[in-house]
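Colleague: Pasting a structure below so you can have a look.
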Amino acid sequence: DAKTTQPNSMESNEEEPVHLPCNHSTISGTDYIHWYRQLPSQGPEYVIHGLTSNVNNRMASLAIAEDRKSSTLILHRATLRDAAVYYCILIISGTYKYIFGTGTRLKVLA
Amino acid sequence: NAGVMQNPRHLVRRRGQEARLRCSPMKGHSHVYWYRQLPEEGLKFMVYLQKENIIDESGMPKERFSAEFPKEGPSILRIQQVVRGDSAAYFCASSPSKSSNTGELFFGEGSRLTVL
């Protein structure tokens, strides 16, 4: 299974954009990039996913490097409710086994 | 449309007892996954089931752990003769199909097992 590398923790001020990086240098052509987040005492929650092109949804944007060896999750305006652990996961197309790393713990400062 | 429902949310057992964790997937979902999360760690895949079938149990410990997803009723994760090392949060997720590229897994809020 391809591995991802994320910083252990990051801080952001409220109302400011947050860029959460993820390195996945061993990604293969059929691997999808998924992001989930886990709020305290809750189960993981889907944020966004993509293959090659940048993606936007109501929660966030996903910027994927041209060589696909890295990606960045962008929260456009962080709120206190965005404080969570963010997981970057590579999934082989058509499979189901999500391999969670330790993620990035995002702290949002008021 | 209710989400993935897990119960109990919290369970305390003494060493040697049995723990049963239940998971009702989202309506219309026939694929269920169980994950375990130790404190300060990421989630670890345990087992993937479809109705009445275990598809992949490669993440399940070989002894004391079993899972089922009967034709009727919730999926059950059963841990026999619990030990302190089984203390963890157990998360269930469901999806309408197995394909990851169509989108998301839906997770429940987890069952937190404490073994005394």
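Ligands are numbered from 1 in the order shown, chains are lettered A, B, ... in the order of the structure tokens, and residues start at 1 in each chain.
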Give me, as JSON lines, the closest atom pair and its distance (Å, one decimal) for every residue of chain B within a cut-off of 12 Å of chain A, counting only C-alpha atoms, rows sorted by chain and rising number.
Modeller:
{"residue": "B:Gly3", "atom": "CA", "partner": "A:Gly43", "partner_atom": "CA", "distance": 11.4}
{"residue": "B:Val4", "atom": "CA", "partner": "A:Gly43", "partner_atom": "CA", "distance": 10.0}
{"residue": "B:Met5", "atom": "CA", "partner": "A:Gly43", "partner_atom": "CA", "distance": 11.1}
{"residue": "B:Gln6", "atom": "CA", "partner": "A:Gly43", "partner_atom": "CA", "distance": 10.5}
{"residue": "B:Arg9", "atom": "CA", "partner": "A:Ser41", "partner_atom": "CA", "distance": 10.4}
{"residue": "B:His10", "atom": "CA", "partner": "A:Ser41", "partner_atom": "CA", "distance": 11.3}
{"residue": "B:His31", "atom": "CA", "partner": "A:Tyr96", "partner_atom": "CA", "distance": 9.7}
{"residue": "B:Val32", "atom": "CA", "partner": "A:Tyr96", "partner_atom": "CA", "distance": 10.2}
{"residue": "B:Tyr33", "atom": "CA", "partner": "A:Lys97", "partner_atom": "CA", "distance": 8.9}
{"residue": "B:Trp34", "atom": "CA", "partner": "A:Lys97", "partner_atom": "CA", "distance": 10.5}
{"residue": "B:Tyr35", "atom": "CA", "partner": "A:Tyr98", "partner_atom": "CA", "distance": 9.6}
{"residue": "B:Arg36", "atom": "CA", "partner": "A:Phe100", "partner_atom": "CA", "distance": 10.8}
{"residue": "B:Gln37", "atom": "CA", "partner": "A:Phe100", "partner_atom": "CA", "distance": 9.9}
{"residue": "B:Leu38", "atom": "CA", "partner": "A:Thr102", "partner_atom": "CA", "distance": 10.9}
{"residue": "B:Pro39", "atom": "CA", "partner": "A:Thr102", "partner_atom": "CA", "distance": 10.8}
{"residue": "B:Glu40", "atom": "CA", "partner": "A:Thr102", "partner_atom": "CA", "distance": 7.8}
{"residue": "B:Glu41", "atom": "CA", "partner": "A:Thr102", "partner_atom": "CA", "distance": 5.6}
{"residue": "B:Gly42", "atom": "CA", "partner": "A:Thr102", "partner_atom": "CA", "distance": 4.7}
{"residue": "B:Leu43", "atom": "CA", "partner": "A:Phe100", "partner_atom": "CA", "distance": 5.5}
{"residue": "B:Lys44", "atom": "CA", "partner": "A:Phe100", "partner_atom": "CA", "distance": 6.7}
{"residue": "B:Phe45", "atom": "CA", "partner": "A:Lys97", "partner_atom": "CA", "distance": 7.0}
{"residue": "B:Met46", "atom": "CA", "partner": "A:Lys97", "partner_atom": "CA", "distance": 9.5}
{"residue": "B:Val47", "atom": "CA", "partner": "A:Lys97", "partner_atom": "CA", "distance": 9.2}
{"residue": "B:Tyr48", "atom": "CA", "partner": "A:Tyr96", "partner_atom": "CA", "distance": 8.3}
{"residue": "B:Leu49", "atom": "CA", "partner": "A:Tyr96", "partner_atom": "CA", "distance": 10.9}
{"residue": "B:Ile55", "atom": "CA", "partner": "A:Tyr96", "partner_atom": "CA", "distance": 10.6}
{"residue": "B:Asp56", "atom": "CA", "partner": "A:Lys97", "partner_atom": "CA", "distance": 9.2}
{"residue": "B:Glu57", "atom": "CA", "partner": "A:Lys97", "partner_atom": "CA", "distance": 10.9}
{"residue": "B:Ser58", "atom": "CA", "partner": "A:Lys97", "partner_atom": "CA", "distance": 10.3}
{"residue": "B:Gly59", "atom": "CA", "partner": "A:Lys97", "partner_atom": "CA", "distance": 10.0}
{"residue": "B:Ala88", "atom": "CA", "partner": "A:Ser41", "partner_atom": "CA", "distance": 12.0}
{"residue": "B:Ala89", "atom": "CA", "partner": "A:Ser41", "partner_atom": "CA", "distance": 9.2}
{"residue": "B:Tyr90", "atom": "CA", "partner": "A:Gly43", "partner_atom": "CA", "distance": 9.3}
{"residue": "B:Phe91", "atom": "CA", "partner": "A:Gly43", "partner_atom": "CA", "distance": 6.7}
{"residue": "B:Cys92", "atom": "CA", "partner": "A:Gly43", "partner_atom": "CA", "distance": 8.5}
{"residue": "B:Ala93", "atom": "CA", "partner": "A:Gly43", "partner_atom": "CA", "distance": 8.8}
{"residue": "B:Ser94", "atom": "CA", "partner": "A:Tyr96", "partner_atom": "CA", "distance": 10.5}
{"residue": "B:Ser95", "atom": "CA", "partner": "A:Tyr96", "partner_atom": "CA", "distance": 9.5}
{"residue": "B:Pro96", "atom": "CA", "partner": "A:Tyr96", "partner_atom": "CA", "distance": 11.5}
{"residue": "B:Ser97", "atom": "CA", "partner": "A:Tyr96", "partner_atom": "CA", "distance": 9.0}
{"residue": "B:Lys98", "atom": "CA", "partner": "A:Tyr96", "partner_atom": "CA", "distance": 5.6}
{"residue": "B:Ser99", "atom": "CA", "partner": "A:Gly94", "partner_atom": "CA", "distance": 4.3}
{"residue": "B:Ser100", "atom": "CA", "partner": "A:Gly94", "partner_atom": "CA", "distance": 5.5}
{"residue": "B:Asn101", "atom": "CA", "partner": "A:Ser93", "partner_atom": "CA", "distance": 5.8}
{"residue": "B:Thr102", "atom": "CA", "partner": "A:Gly94", "partner_atom": "CA", "distance": 8.7}
{"residue": "B:Gly103", "atom": "CA", "partner": "A:His49", "partner_atom": "CA", "distance": 7.1}
{"residue": "B:Glu104", "atom": "CA", "partner": "A:Tyr46", "partner_atom": "CA", "distance": 5.9}
{"residue": "B:Leu105", "atom": "CA", "partner": "A:Tyr46", "partner_atom": "CA", "distance": 6.9}
{"residue": "B:Phe106", "atom": "CA", "partner": "A:Glu45", "partner_atom": "CA", "distance": 7.0}
{"residue": "B:Phe107", "atom": "CA", "partner": "A:Gly43", "partner_atom": "CA", "distance": 5.5}
{"residue": "B:Gly108", "atom": "CA", "partner": "A:Gly43", "partner_atom": "CA", "distance": 5.6}
{"residue": "B:Glu109", "atom": "CA", "partner": "A:Gly43", "partner_atom": "CA", "distance": 4.6}
{"residue": "B:Gly110", "atom": "CA", "partner": "A:Gly43", "partner_atom": "CA", "distance": 6.1}
{"residue": "B:Ser111", "atom": "CA", "partner": "A:Gly43", "partner_atom": "CA", "distance": 9.7}
{"residue": "B:Arg112", "atom": "CA", "partner": "A:Ser41", "partner_atom": "CA", "distance": 9.5}
Colleague: Output as a PyMOL selection string all residues of chain A that backbone DSSP marks as strand (DSSP E).
Modeller: chain A and resi 9-13+18-23+31-38+45-50+55-56+61-64+70-75+84-92+104-109
Colleague: Name all residues at most 6 Å from segment 4-15 of chain A (count only C-alpha atoms; drop same-chain ones fewer than 2 positions away) and give them as a list in words.
Modeller: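 In the requested format, the answer is Cys22, Asn23, His24, Arg77, Ala78, Thr79, Thr104, Arg105, Leu106, Lys107, Val108, Leu109 and Ala110 of chain A.
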Colleague: Keeping only all heavy atoms, write the selected residues to a file as a compact mmCIF listing (two decimals), in the first residue's frame.
Modeller:
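Saved file again_22.txt follows:
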# COMPACT_ATOMS: atom_id res chain seq x y z
N CYS A 22 0.37 17.00 2.04
CA CYS A 22 0.51 15.54 2.12
C CYS A 22 1.47 15.11 1.02
O CYS A 22 1.29 15.47 -0.14
CB CYS A 22 -0.86 14.88 1.93
SG CYS A 22 -0.81 13.07 2.02
N ASN A 23 2.47 14.34 1.40
CA ASN A 23 3.40 13.78 0.42
C ASN A 23 3.06 12.32 0.17
O ASN A 23 2.82 11.56 1.12
CB ASN A 23 4.85 13.90 0.90
CG ASN A 23 5.35 15.32 0.84
OD1 ASN A 23 4.99 16.07 -0.06
ND2 ASN A 23 6.14 15.71 1.81
N HIS A 24 3.03 11.95 -1.07
CA HIS A 24 2.77 10.54 -1.44
C HIS A 24 3.61 10.23 -2.66
O HIS A 24 3.09 10.02 -3.77
CB HIS A 24 1.28 10.29 -1.68
CG HIS A 24 0.49 11.47 -2.16
ND1 HIS A 24 0.51 11.91 -3.47
CD2 HIS A 24 -0.34 12.30 -1.49
CE1 HIS A 24 -0.29 12.96 -3.59
NE2 HIS A 24 -0.82 13.22 -2.41
N ARG A 77 -11.46 29.25 4.88
CA ARG A 77 -11.57 30.11 6.06
C ARG A 77 -11.77 29.20 7.26
O ARG A 77 -12.85 28.68 7.47
CB ARG A 77 -12.74 31.07 5.95
CG ARG A 77 -12.51 32.23 4.99
CD ARG A 77 -13.74 33.12 4.89
NE ARG A 77 -14.03 33.74 6.17
CZ ARG A 77 -15.25 34.11 6.55
NH1 ARG A 77 -16.28 33.89 5.77
NH2 ARG A 77 -15.45 34.69 7.71
N ALA A 78 -10.72 29.00 8.03
CA ALA A 78 -10.80 28.08 9.15
C ALA A 78 -11.73 28.61 10.23
O ALA A 78 -11.73 29.80 10.55
CB ALA A 78 -9.41 27.86 9.74
N THR A 79 -12.52 27.72 10.78
CA THR A 79 -13.35 28.04 11.94
C THR A 79 -12.95 27.13 13.08
O THR A 79 -12.23 26.13 12.89
CB THR A 79 -14.84 27.85 11.64
OG1 THR A 79 -15.11 26.45 11.51
CG2 THR A 79 -15.25 28.56 10.35
N THR A 104 -2.70 14.85 10.46
CA THR A 104 -2.27 16.16 10.95
C THR A 104 -3.32 16.70 11.90
O THR A 104 -4.49 16.83 11.53
CB THR A 104 -2.10 17.17 9.79
OG1 THR A 104 -1.06 16.73 8.93
CG2 THR A 104 -1.76 18.56 10.34
N ARG A 105 -2.89 17.01 13.11
CA ARG A 105 -3.81 17.61 14.08
C ARG A 105 -3.84 19.11 13.87
O ARG A 105 -2.81 19.79 14.06
CB ARG A 105 -3.38 17.27 15.51
CG ARG A 105 -4.35 17.75 16.58
CD ARG A 105 -3.92 17.26 17.96
NE ARG A 105 -3.93 15.81 18.06
CZ ARG A 105 -5.00 15.08 18.30
NH1 ARG A 105 -6.17 15.66 18.51
NH2 ARG A 105 -4.91 13.76 18.37
N LEU A 106 -4.97 19.63 13.44
CA LEU A 106 -5.11 21.06 13.18
C LEU A 106 -5.72 21.75 14.40
O LEU A 106 -6.78 21.37 14.86
CB LEU A 106 -6.01 21.31 11.96
CG LEU A 106 -6.33 22.78 11.68
CD1 LEU A 106 -5.07 23.53 11.27
CD2 LEU A 106 -7.39 22.90 10.58
N LYS A 107 -5.00 22.76 14.87
CA LYS A 107 -5.50 23.58 15.97
C LYS A 107 -5.88 24.94 15.39
O LYS A 107 -5.09 25.55 14.65
CB LYS A 107 -4.43 23.75 17.04
CG LYS A 107 -4.91 24.49 18.27
CD LYS A 107 -3.77 24.72 19.26
CE LYS A 107 -3.34 23.44 19.93
NZ LYS A 107 -2.35 23.69 21.02
N VAL A 108 -7.08 25.40 15.67
CA VAL A 108 -7.54 26.70 15.18
C VAL A 108 -7.63 27.66 16.35
O VAL A 108 -8.32 27.36 17.34
CB VAL A 108 -8.91 26.57 14.48
CG1 VAL A 108 -9.37 27.94 13.98
CG2 VAL A 108 -8.82 25.60 13.32
N LEU A 109 -6.92 28.75 16.23
CA LEU A 109 -6.84 29.73 17.32
C LEU A 109 -7.85 30.85 17.10
O LEU A 109 -7.94 31.42 16.03
CB LEU A 109 -5.42 30.32 17.37
CG LEU A 109 -4.29 29.28 17.47
CD1 LEU A 109 -2.94 29.95 17.39
CD2 LEU A 109 -4.43 28.48 18.75
N ALA A 110 -8.58 31.15 18.16
CA ALA A 110 -9.59 32.21 18.09
C ALA A 110 -8.95 33.60 18.05
O ALA A 110 -7.82 33.77 18.54
CB ALA A 110 -10.53 32.11 19.29
Colleague: Between B:Val12, B:Val82, B:Val115, B:Leu77, which is the closest to Met60 of chain B once you count only C-alpha atoms?
Modeller: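 Checking each candidate against Met60 of chain B, we get B:Leu77 as the closest.
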Colleague: Hey, which of A:Ser53, A:Ile64, A:Met59, A:Ile27 ends up closest to Asp82 of chain A? Count only C-alpha atoms.
Modeller: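 Checking each of A:Ser53, A:Ile64, A:Met59, A:Ile27 against Asp82 of chain A, counting only C-alpha atoms, the winner is A:Met59.
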Colleague: Please return, as an mmCIF file with N, CA, C and O atoms, in the first residue's frame, all residues of chain B that DSSP assigns to helix (DSSP H, G or I) on the basis of the backbone.
Modeller:
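And here is the file that came out, result_15.cif:
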data_model
loop_
_atom_site.group_PDB
_atom_site.id
_atom_site.type_symbol
_atom_site.label_atom_id
_atom_site.label_comp_id
_atom_site.auth_asym_id
_atom_site.auth_seq_id
_atom_site.Cartn_x
_atom_site.Cartn_y
_atom_site.Cartn_z
ATOM 1 N N ARG B 84 -6.773 -6.358 28.370
ATOM 2 C CA ARG B 84 -6.624 -4.899 28.478
ATOM 3 C C ARG B 84 -6.220 -4.282 27.141
ATOM 4 O O ARG B 84 -6.612 -3.159 26.814
ATOM 5 N N GLY B 85 -5.441 -4.993 26.361
ATOM 6 C CA GLY B 85 -4.997 -4.478 25.074
ATOM 7 C C GLY B 85 -6.116 -4.306 24.055
ATOM 8 O O GLY B 85 -5.899 -3.687 23.005
ATOM 9 N N ASP B 86 -7.297 -4.850 24.347
ATOM 10 C CA ASP B 86 -8.434 -4.663 23.447
ATOM 11 C C ASP B 86 -9.118 -3.317 23.665
ATOM 12 O O ASP B 86 -9.995 -2.930 22.879
ATOM 13 N N SER B 100 -13.892 2.699 -4.268
ATOM 14 C CA SER B 100 -13.447 3.894 -3.566
ATOM 15 C C SER B 100 -13.527 5.125 -4.442
ATOM 16 O O SER B 100 -13.674 6.232 -3.945
ATOM 17 N N ASN B 101 -13.410 4.961 -5.757
ATOM 18 C CA ASN B 101 -13.351 6.158 -6.577
ATOM 19 C C ASN B 101 -14.700 6.829 -6.759
ATOM 20 O O ASN B 101 -14.788 7.908 -7.296
ATOM 21 N N THR B 102 -15.765 6.189 -6.282
ATOM 22 C CA THR B 102 -17.061 6.860 -6.364
ATOM 23 C C THR B 102 -17.300 7.749 -5.161
ATOM 24 O O THR B 102 -18.303 8.449 -5.120
#
Colleague: In terms of the shortest atom-to-atom distance over only C-alpha atoms, which of A:Gly29, A:Leu39, A:Pro21, A:Asn54 is closest to Leu73 of chain A?
Modeller: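 Ranking A:Gly29, A:Leu39, A:Pro21, A:Asn54 by distance to Leu73 of chain A, first place goes to A:Pro21.
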Colleague: Have a look at B:Ser66, B:Cys23, B:Gly16, B:Leu11 and name the one nearest to Ser87 of chain B; count only C-alpha atoms.
Modeller: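 Distance minimum relative to Ser87 of chain B lands on B:Leu11.
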